[in-house]
>>> print(open('protein37.txt').read())   # compact mmCIF, C-alpha atoms and all ligand atoms
# COMPACT_ATOMS: atom_id res chain seq x y z
CA MET A 1 19.33 23.93 -61.68
CA THR A 2 21.40 25.44 -58.83
CA GLN A 3 24.82 23.92 -58.15
CA GLU A 4 23.51 22.75 -54.76
CA LYS A 5 20.76 20.72 -56.47
CA VAL A 6 23.19 19.41 -59.08
CA TRP A 7 25.51 18.00 -56.42
CA GLU A 8 22.64 16.63 -54.33
CA ASN A 9 21.28 14.91 -57.43
CA GLU A 10 24.71 13.49 -58.14
CA TYR A 11 24.96 11.86 -54.70
CA ARG A 12 21.44 10.44 -55.04
CA ASN A 13 22.09 8.98 -58.52
CA SER A 14 25.84 8.88 -58.55
CA LYS A 15 27.60 8.41 -61.88
CA PHE A 16 31.15 8.94 -60.73
CA LEU A 17 31.36 10.19 -57.16
CA THR A 18 33.00 7.77 -54.81
CA LYS A 19 31.21 6.59 -51.68
CA GLU A 20 34.32 4.71 -50.59
CA ASN A 21 35.98 5.51 -47.34
CA LYS A 22 39.56 5.19 -48.61
CA PRO A 23 41.44 8.53 -48.69
CA GLN A 24 42.36 10.15 -51.96
CA SER A 25 45.94 9.09 -52.85
CA ASP A 26 47.02 12.76 -53.18
CA VAL A 27 45.84 13.34 -49.62
CA VAL A 28 47.93 10.41 -48.41
CA ARG A 29 50.96 11.98 -50.12
CA PHE A 30 50.17 15.37 -48.58
CA VAL A 31 50.13 13.79 -45.12
CA GLN A 32 53.51 12.17 -45.84
CA PHE A 33 54.83 15.60 -46.89
CA LEU A 34 53.55 17.20 -43.68
CA ARG A 35 55.03 14.54 -41.43
CA LYS A 36 58.31 13.79 -43.19
CA GLU A 37 59.29 17.06 -44.86
CA GLU A 38 57.69 19.60 -42.53
CA GLY A 39 57.96 17.63 -39.29
CA VAL A 40 54.29 18.23 -38.47
CA VAL A 41 52.77 16.20 -35.62
CA LEU A 42 49.17 15.69 -36.62
CA GLU A 43 47.67 14.64 -33.31
CA GLY A 44 45.17 17.21 -32.02
CA LEU A 45 45.40 19.50 -35.07
CA ARG A 46 42.25 21.11 -36.45
CA VAL A 47 41.44 20.26 -40.05
CA LEU A 48 38.78 21.93 -42.17
CA ASP A 49 37.70 19.79 -45.13
CA LEU A 50 36.01 22.00 -47.75
CA GLY A 51 33.45 20.09 -49.83
CA SER A 52 34.03 16.99 -47.73
CA GLY A 53 31.81 14.72 -49.85
CA THR A 54 31.31 11.34 -48.17
CA GLY A 55 34.15 12.07 -45.79
CA ARG A 56 36.98 9.84 -46.99
CA ASN A 57 39.66 12.52 -46.43
CA SER A 58 38.14 13.79 -43.17
CA PHE A 59 38.17 10.23 -41.91
CA TYR A 60 41.84 9.79 -42.82
CA PHE A 61 42.89 12.87 -40.81
CA ALA A 62 40.69 11.76 -37.89
CA GLU A 63 42.62 8.47 -37.83
CA PHE A 64 45.69 10.60 -36.96
CA SER A 65 43.68 12.06 -34.04
CA CYS A 66 42.97 15.36 -35.78
CA LYS A 67 39.76 17.26 -35.00
CA VAL A 68 37.99 17.51 -38.34
CA LEU A 69 35.14 19.68 -39.57
CA GLY A 70 33.72 19.10 -43.04
CA LEU A 71 31.68 21.74 -44.89
CA GLU A 72 29.54 20.19 -47.60
CA ILE A 73 26.64 21.38 -49.71
CA SER A 74 24.97 17.98 -50.23
CA GLU A 75 22.79 16.59 -47.44
CA THR A 76 23.03 13.07 -48.88
CA ALA A 77 26.84 13.20 -48.93
CA ILE A 78 26.84 14.21 -45.24
CA LYS A 79 24.44 11.37 -44.36
CA ILE A 80 26.74 8.86 -46.09
CA ALA A 81 29.78 10.37 -44.34
CA GLU A 82 28.06 10.08 -40.94
CA GLU A 83 27.09 6.45 -41.69
CA ASN A 84 30.72 5.73 -42.62
CA ILE A 85 31.80 6.97 -39.18
CA LYS A 86 29.12 4.89 -37.39
CA ASN A 87 30.09 1.79 -39.35
CA SER A 88 33.79 2.09 -38.53
CA LYS A 89 34.94 -0.12 -35.68
CA ASP A 90 36.59 2.64 -33.65
CA HIS A 91 33.98 5.31 -34.33
CA ILE A 92 33.91 6.63 -30.77
CA MET A 93 37.54 7.69 -31.10
CA TYR A 94 37.04 9.89 -34.17
CA ASP A 95 36.46 13.62 -33.76
CA ILE A 96 34.66 14.50 -37.00
CA SER A 97 31.64 16.71 -37.60
CA TYR A 98 29.94 17.96 -40.72
CA ILE A 99 27.98 21.13 -41.45
CA MET A 100 25.79 21.53 -44.48
CA GLN A 101 26.73 24.84 -46.07
CA SER A 102 28.42 26.33 -49.10
CA ILE A 103 32.16 27.00 -49.03
CA GLY A 104 31.35 30.19 -50.96
CA GLU A 105 29.91 31.67 -47.74
CA LYS A 106 31.43 32.74 -44.42
CA PHE A 107 32.89 29.66 -42.68
CA PRO A 108 31.41 28.83 -39.23
CA VAL A 109 34.80 28.83 -37.43
CA GLY A 110 36.92 31.50 -35.75
CA ASP A 111 39.88 33.51 -37.02
CA ASP A 112 43.26 31.69 -36.91
CA SER A 113 41.60 28.52 -35.62
CA GLN A 114 42.57 25.85 -38.21
CA ASP A 115 45.90 24.11 -38.73
CA ILE A 116 45.08 22.57 -42.10
CA VAL A 117 42.48 23.33 -44.79
CA LEU A 118 41.73 20.86 -47.60
CA ASP A 119 40.05 21.56 -50.93
CA ILE A 120 40.13 18.33 -52.88
CA THR A 121 38.39 19.20 -56.18
CA SER A 122 35.62 21.00 -54.28
CA SER A 123 35.89 24.67 -55.25
CA ASN A 124 35.62 23.94 -59.02
CA SER A 125 31.98 24.93 -59.20
CA LEU A 126 32.16 28.19 -57.24
CA THR A 127 31.38 31.42 -59.06
CA GLU A 128 34.11 34.08 -59.19
CA ALA A 129 32.33 36.02 -56.41
CA GLU A 130 32.01 32.90 -54.25
CA ARG A 131 35.67 32.06 -54.91
CA GLU A 132 36.72 35.44 -53.46
CA VAL A 133 34.80 34.59 -50.27
CA TYR A 134 36.32 31.06 -50.13
CA LEU A 135 39.87 32.48 -50.48
CA ALA A 136 39.39 35.25 -47.91
CA GLU A 137 37.67 32.85 -45.50
CA THR A 138 40.39 30.19 -45.83
CA HIS A 139 42.98 32.87 -45.11
CA ARG A 140 40.96 34.19 -42.15
CA VAL A 141 40.48 30.80 -40.45
CA LEU A 142 43.99 29.35 -41.02
CA LYS A 143 46.56 29.90 -38.29
CA SER A 144 49.83 31.55 -39.31
CA GLY A 145 52.03 28.67 -40.45
CA GLY A 146 48.92 26.59 -41.25
CA TYR A 147 48.71 24.54 -44.46
CA PHE A 148 46.28 24.69 -47.37
CA PHE A 149 46.07 21.79 -49.82
CA VAL A 150 44.23 22.32 -53.11
CA LYS A 151 43.60 19.82 -55.87
CA ALA A 152 42.00 21.61 -58.83
CA LEU A 153 41.25 20.95 -62.48
CA CYS A 154 44.06 21.94 -64.84
CA LYS A 155 43.47 23.44 -68.28
CA ASP A 156 47.02 23.16 -69.60
CA GLY A 157 47.50 20.20 -71.93
CA ASP A 158 44.06 18.73 -71.14
CA ALA A 159 42.25 17.81 -74.36
CA ASN A 160 38.99 17.01 -72.54
CA ALA A 161 38.99 20.42 -70.83
CA LYS A 162 39.54 22.15 -74.19
CA HIS A 163 36.68 20.17 -75.78
CA LEU A 164 34.31 21.00 -72.89
CA LEU A 165 35.26 24.72 -72.91
CA LYS A 166 34.59 24.92 -76.64
CA HIS A 167 31.33 22.96 -76.82
CA PHE A 168 29.73 23.54 -73.39
CA PRO A 169 30.98 26.97 -72.25
CA GLY A 170 29.89 28.42 -68.91
CA LYS A 171 29.29 32.12 -68.21
CA GLU A 172 32.58 32.84 -66.45
CA LYS A 173 36.21 32.58 -67.51
CA ASP A 174 37.49 29.04 -68.19
CA THR A 175 34.27 27.35 -67.08
CA TYR A 176 32.13 24.76 -68.83
CA ILE A 177 28.86 23.06 -67.93
CA MET A 178 29.42 19.34 -67.72
CA PRO A 179 26.91 17.65 -70.06
CA ASP A 180 24.41 15.25 -68.35
CA MET A 181 25.53 16.25 -64.89
CA ASN A 182 25.08 20.05 -65.30
CA VAL A 183 27.84 20.84 -62.86
CA VAL A 184 29.84 23.98 -63.66
CA GLU A 185 33.59 23.42 -63.54
CA ARG A 186 36.46 25.93 -63.55
CA VAL A 187 39.72 24.77 -65.14
CA TRP A 188 42.99 26.56 -64.44
CA ALA A 189 45.90 27.68 -66.57
CA LYS A 190 49.04 27.74 -64.42
CA ASP A 191 49.42 31.56 -64.42
CA ASP A 192 45.82 32.11 -63.36
CA PHE A 193 46.07 29.54 -60.63
CA VAL A 194 49.24 31.09 -59.22
CA LYS A 195 47.86 34.66 -59.47
CA THR A 196 44.68 33.65 -57.64
CA TYR A 197 46.25 31.76 -54.76
CA ASP A 198 49.54 33.57 -54.15
CA LYS A 199 47.67 36.78 -53.31
CA TYR A 200 46.79 35.01 -50.05
CA PHE A 201 49.22 32.13 -49.49
CA LYS A 202 52.84 31.10 -50.01
CA ILE A 203 52.95 28.31 -52.60
CA LEU A 204 55.30 25.57 -51.36
CA LYS A 205 54.73 23.13 -54.20
CA LEU A 206 52.71 23.13 -57.42
CA GLU A 207 52.67 20.17 -59.74
CA LYS A 208 50.58 18.96 -62.64
CA LYS A 209 49.22 15.46 -62.43
CA THR A 210 47.34 13.36 -64.96
CA SER A 211 44.71 10.88 -63.85
CA TYR A 212 41.59 9.18 -65.14
CA THR A 213 38.00 10.01 -64.14
CA ARG A 214 35.27 7.44 -64.82
CA MET A 215 31.84 8.63 -65.91
CA ASN A 216 29.00 6.81 -67.70
CA ASP A 217 31.28 3.76 -68.05
CA ARG A 218 33.90 5.78 -69.90
CA SER A 219 37.29 6.83 -68.70
CA TYR A 220 38.45 10.43 -69.26
CA LYS A 221 42.05 11.57 -69.02
CA ARG A 222 42.20 14.76 -66.95
CA ASN A 223 44.96 17.00 -65.65
CA PHE A 224 44.97 18.39 -62.13
CA TRP A 225 46.97 20.91 -60.12
CA ILE A 226 48.27 19.60 -56.84
CA CYS A 227 49.21 22.55 -54.67
CA TYR A 228 50.62 22.77 -51.13
CA MET A 229 50.42 26.23 -49.57
CA LYS A 230 51.11 27.90 -46.27
CA LYS A 231 49.76 31.00 -44.55
CA GLU A 232 52.72 33.14 -43.57
C1 LIG A 301 34.44 16.02 -56.67
S1 LIG A 301 33.67 16.01 -55.11
C2 LIG A 301 35.05 15.78 -54.01
C3 LIG A 301 34.61 15.35 -52.63
C4 LIG A 301 35.76 15.21 -51.62
N1 LIG A 301 36.54 16.43 -51.49
C5 LIG A 301 36.64 14.03 -51.95
O1 LIG A 301 37.83 14.23 -52.29
O2 LIG A 301 36.15 12.89 -51.85
C6 LIG A 301 33.26 17.74 -54.88
C7 LIG A 301 32.49 17.98 -53.58
O3 LIG A 301 32.32 19.35 -53.34
C8 LIG A 301 30.98 19.58 -52.92
N2 LIG A 301 30.66 20.98 -53.26
C9 LIG A 301 30.52 21.52 -54.50
N3 LIG A 301 30.26 22.84 -54.41
C10 LIG A 301 30.23 23.12 -53.08
C11 LIG A 301 30.00 24.31 -52.33
N4 LIG A 301 29.74 25.48 -52.93
N5 LIG A 301 30.06 24.24 -50.99
C12 LIG A 301 30.30 23.07 -50.33
N6 LIG A 301 30.52 21.90 -50.99
C13 LIG A 301 30.49 21.94 -52.34
C14 LIG A 301 30.16 18.56 -53.69
O4 LIG A 301 28.90 18.31 -53.13
C15 LIG A 301 31.09 17.36 -53.62
O5 LIG A 301 30.89 16.64 -52.44
>>> encode(input="protein37.txt", output="structure tokens")
Amino acid sequence: MTQEKVWENEYRNSKFLTKENKPQSDVVRFVQFLRKEEGVVLEGLRVLDLGSGTGRNSFYFAEFSCKVLGLEISETAIKIAEENIKNSKDHIMYDISYIMQSIGEKFPVGDDSQDIVLDITSSNSLTEAEREVYLAETHRVLKSGGYFFVKALCKDGDANAKHLLKHFPGKEKDTYIMPDMNVVERVWAKDDFVKTYDKYFKILKLEKKTSYTRMNDRSYKRNFWICYMKKE
């Protein structure tokens, strides 16, 4: 099954994906960092949400009067995201649009046009070749001084990741095929993560975070990288 079908299937028969409209807590912290530590005024900024899912993070930035574009591979996720906008009481005020496309292909926006790019656990299932496109495209579309926030799966110290890599290996480095769901996921050792991203961006902050993911009524402890970057 292609990764596009896998994700579409997941939104139609969701086991763990959220359809809630509350922002991811790491995104809330990132916004605090931008406003308090970097002195960023969000109003009017352009935000590109890669793998926007049902739009919870896009929606959060739109509440700060940002102009948000979400790129998402699942048609069902986009439909839910658009319903969430319609059902919100101030929907006319929000500037959010979604385009159905892969983030492993050329992005439909101009050079140096975006102030902030978000990748909240969305690029995990890209192939290595698609990841090169995603990195080059993010760099192309971000303005100088623009911010890139990535939350990605961490390999270091994650017993579940080690189990999955051993028993359900994927074709490429540090990937596994999630049983039942069939999604391919890339997990990152710190050195690899840094080598991959600092070719393009200045890393401002990189921290490891542990949280719990629910699937099939079980809770799995997983580690993530939380990374704030800037285009110089
Ligand atoms: C774990 S979900 C996270 C969704 C969202 N970022 C959030 O925080 O709620 C991963 C999302 O990435 C999307 N996705 C996966 N591969 C993609 C690709 N190649 N291009 C665009 N979206 C993709 C999936 O459909 C899914 O919505």
>>> closest_residue(input="protein37.txt", among="A:Ala62, A:Leu42, A:Leu126, A:Leu118", to="Lys173 (chain A)", atoms="only C-alpha atoms")
A:Leu126
>>> axis_aligned_box(input="protein37.txt", around="ligand LIG 301 (chain A)", padding_each_side="4 Å", output="JSON")
{"center_x": 33.4, "center_y": 19.2, "center_z": -53.5, "size_x": 16.9, "size_y": 20.6, "size_z": 14.3}
>>> atom_distance(input="protein37.txt", atom1="CA of Lys205 (chain A)", atom2="CA of Lys151 (chain A)")
11.7 Å
>>> residues_near_ligand(input="protein37.txt", ligand="ligand LIG 301 (chain A)", cutoff="7 Å", atoms="all atoms listed in the file", output="short mmCIF file (atom, residue, chain, number, x, y, z; two decimals) with C-alpha atoms, in the coordinates of the input")
data_model
loop_
_atom_site.label_atom_id
_atom_site.label_comp_id
_atom_site.auth_asym_id
_atom_site.auth_seq_id
_atom_site.Cartn_x
_atom_site.Cartn_y
_atom_site.Cartn_z
CA GLN A 3 24.82 23.92 -58.15
CA GLU A 4 23.51 22.75 -54.76
CA TRP A 7 25.51 18.00 -56.42
CA GLU A 8 22.64 16.63 -54.33
CA LEU A 17 31.36 10.19 -57.16
CA THR A 18 33.00 7.77 -54.81
CA GLN A 24 42.36 10.15 -51.96
CA LEU A 50 36.01 22.00 -47.75
CA GLY A 51 33.45 20.09 -49.83
CA SER A 52 34.03 16.99 -47.73
CA GLY A 53 31.81 14.72 -49.85
CA THR A 54 31.31 11.34 -48.17
CA GLY A 55 34.15 12.07 -45.79
CA ARG A 56 36.98 9.84 -46.99
CA ASN A 57 39.66 12.52 -46.43
CA LEU A 71 31.68 21.74 -44.89
CA GLU A 72 29.54 20.19 -47.60
CA ILE A 73 26.64 21.38 -49.71
CA SER A 74 24.97 17.98 -50.23
CA ALA A 77 26.84 13.20 -48.93
CA GLN A 101 26.73 24.84 -46.07
CA SER A 102 28.42 26.33 -49.10
CA ILE A 103 32.16 27.00 -49.03
CA GLY A 104 31.35 30.19 -50.96
CA ASP A 119 40.05 21.56 -50.93
CA ILE A 120 40.13 18.33 -52.88
CA THR A 121 38.39 19.20 -56.18
CA SER A 122 35.62 21.00 -54.28
CA SER A 123 35.89 24.67 -55.25
CA SER A 125 31.98 24.93 -59.20
CA LEU A 126 32.16 28.19 -57.24
#
>>> residues_near_point(input="protein37.txt", point="(42.7, 30.5, -43.9)", cutoff="9 Å", atoms="all atoms listed in the file", output="ChimeraX atom specification")
/A:111-117,134-144,146-148,200-201,231
>>> atom_distance(input="protein37.txt", atom1="CA of Lys195 (chain A)", atom2="CA of Val31 (chain A)")
25.4 Å
>>> residues_around(input="protein37.txt", residues="Tyr60 (chain A)", least_positions_apart="5", cutoff="10 Å", atoms="all atoms listed in the file", output="list in words")
Asn21, Lys22, Pro23, Gln24, Val27, Val28, Val31, Gly55, Ser65, Cys66, Val68 and Tyr94 of chain A
>>> residues_around(input="protein37.txt", residues="region 180-189 of chain A", least_positions_apart="2", cutoff="8 Å", atoms="only C-alpha atoms", output="compact mmCIF listing (two decimals) with C-alpha atoms, in the coordinates of the input")
# COMPACT_ATOMS: atom_id res chain seq x y z
CA MET A 1 19.33 23.93 -61.68
CA GLN A 3 24.82 23.92 -58.15
CA VAL A 6 23.19 19.41 -59.08
CA TRP A 7 25.51 18.00 -56.42
CA GLU A 10 24.71 13.49 -58.14
CA ASN A 124 35.62 23.94 -59.02
CA SER A 125 31.98 24.93 -59.20
CA LEU A 126 32.16 28.19 -57.24
CA ALA A 152 42.00 21.61 -58.83
CA LEU A 153 41.25 20.95 -62.48
CA CYS A 154 44.06 21.94 -64.84
CA LYS A 155 43.47 23.44 -68.28
CA ASP A 156 47.02 23.16 -69.60
CA ALA A 161 38.99 20.42 -70.83
CA GLY A 170 29.89 28.42 -68.91
CA LYS A 173 36.21 32.58 -67.51
CA ASP A 174 37.49 29.04 -68.19
CA THR A 175 34.27 27.35 -67.08
CA TYR A 176 32.13 24.76 -68.83
CA ILE A 177 28.86 23.06 -67.93
CA MET A 178 29.42 19.34 -67.72
CA ASP A 191 49.42 31.56 -64.42
CA ASP A 192 45.82 32.11 -63.36
CA PHE A 193 46.07 29.54 -60.63
>>> closest_residue(input="protein37.txt", among="A:Leu48, A:Ile80, A:Leu69, A:Val150", to="Tyr11 (chain A)", atoms="only C-alpha atoms")
A:Ile80
>>> closest_residue(input="protein37.txt", among="A:Cys227, A:Ile78, A:Leu34, A:Ile85", to="Met100 (chain A)", atoms="all atoms listed in the file")
A:Ile78
>>> atom_distance(input="protein37.txt", atom1="CA of Tyr212 (chain A)", atom2="CA of His163 (chain A)")
16.1 Å
>>> residues_around(input="protein37.txt", residues="Glu207 (chain A)", least_positions_apart="3", cutoff="10 Å", atoms="all atoms listed in the file", output="list in words")
Lys151, Lys190, Phe224, Trp225, Ile226, Cys227 and Tyr228 of chain A
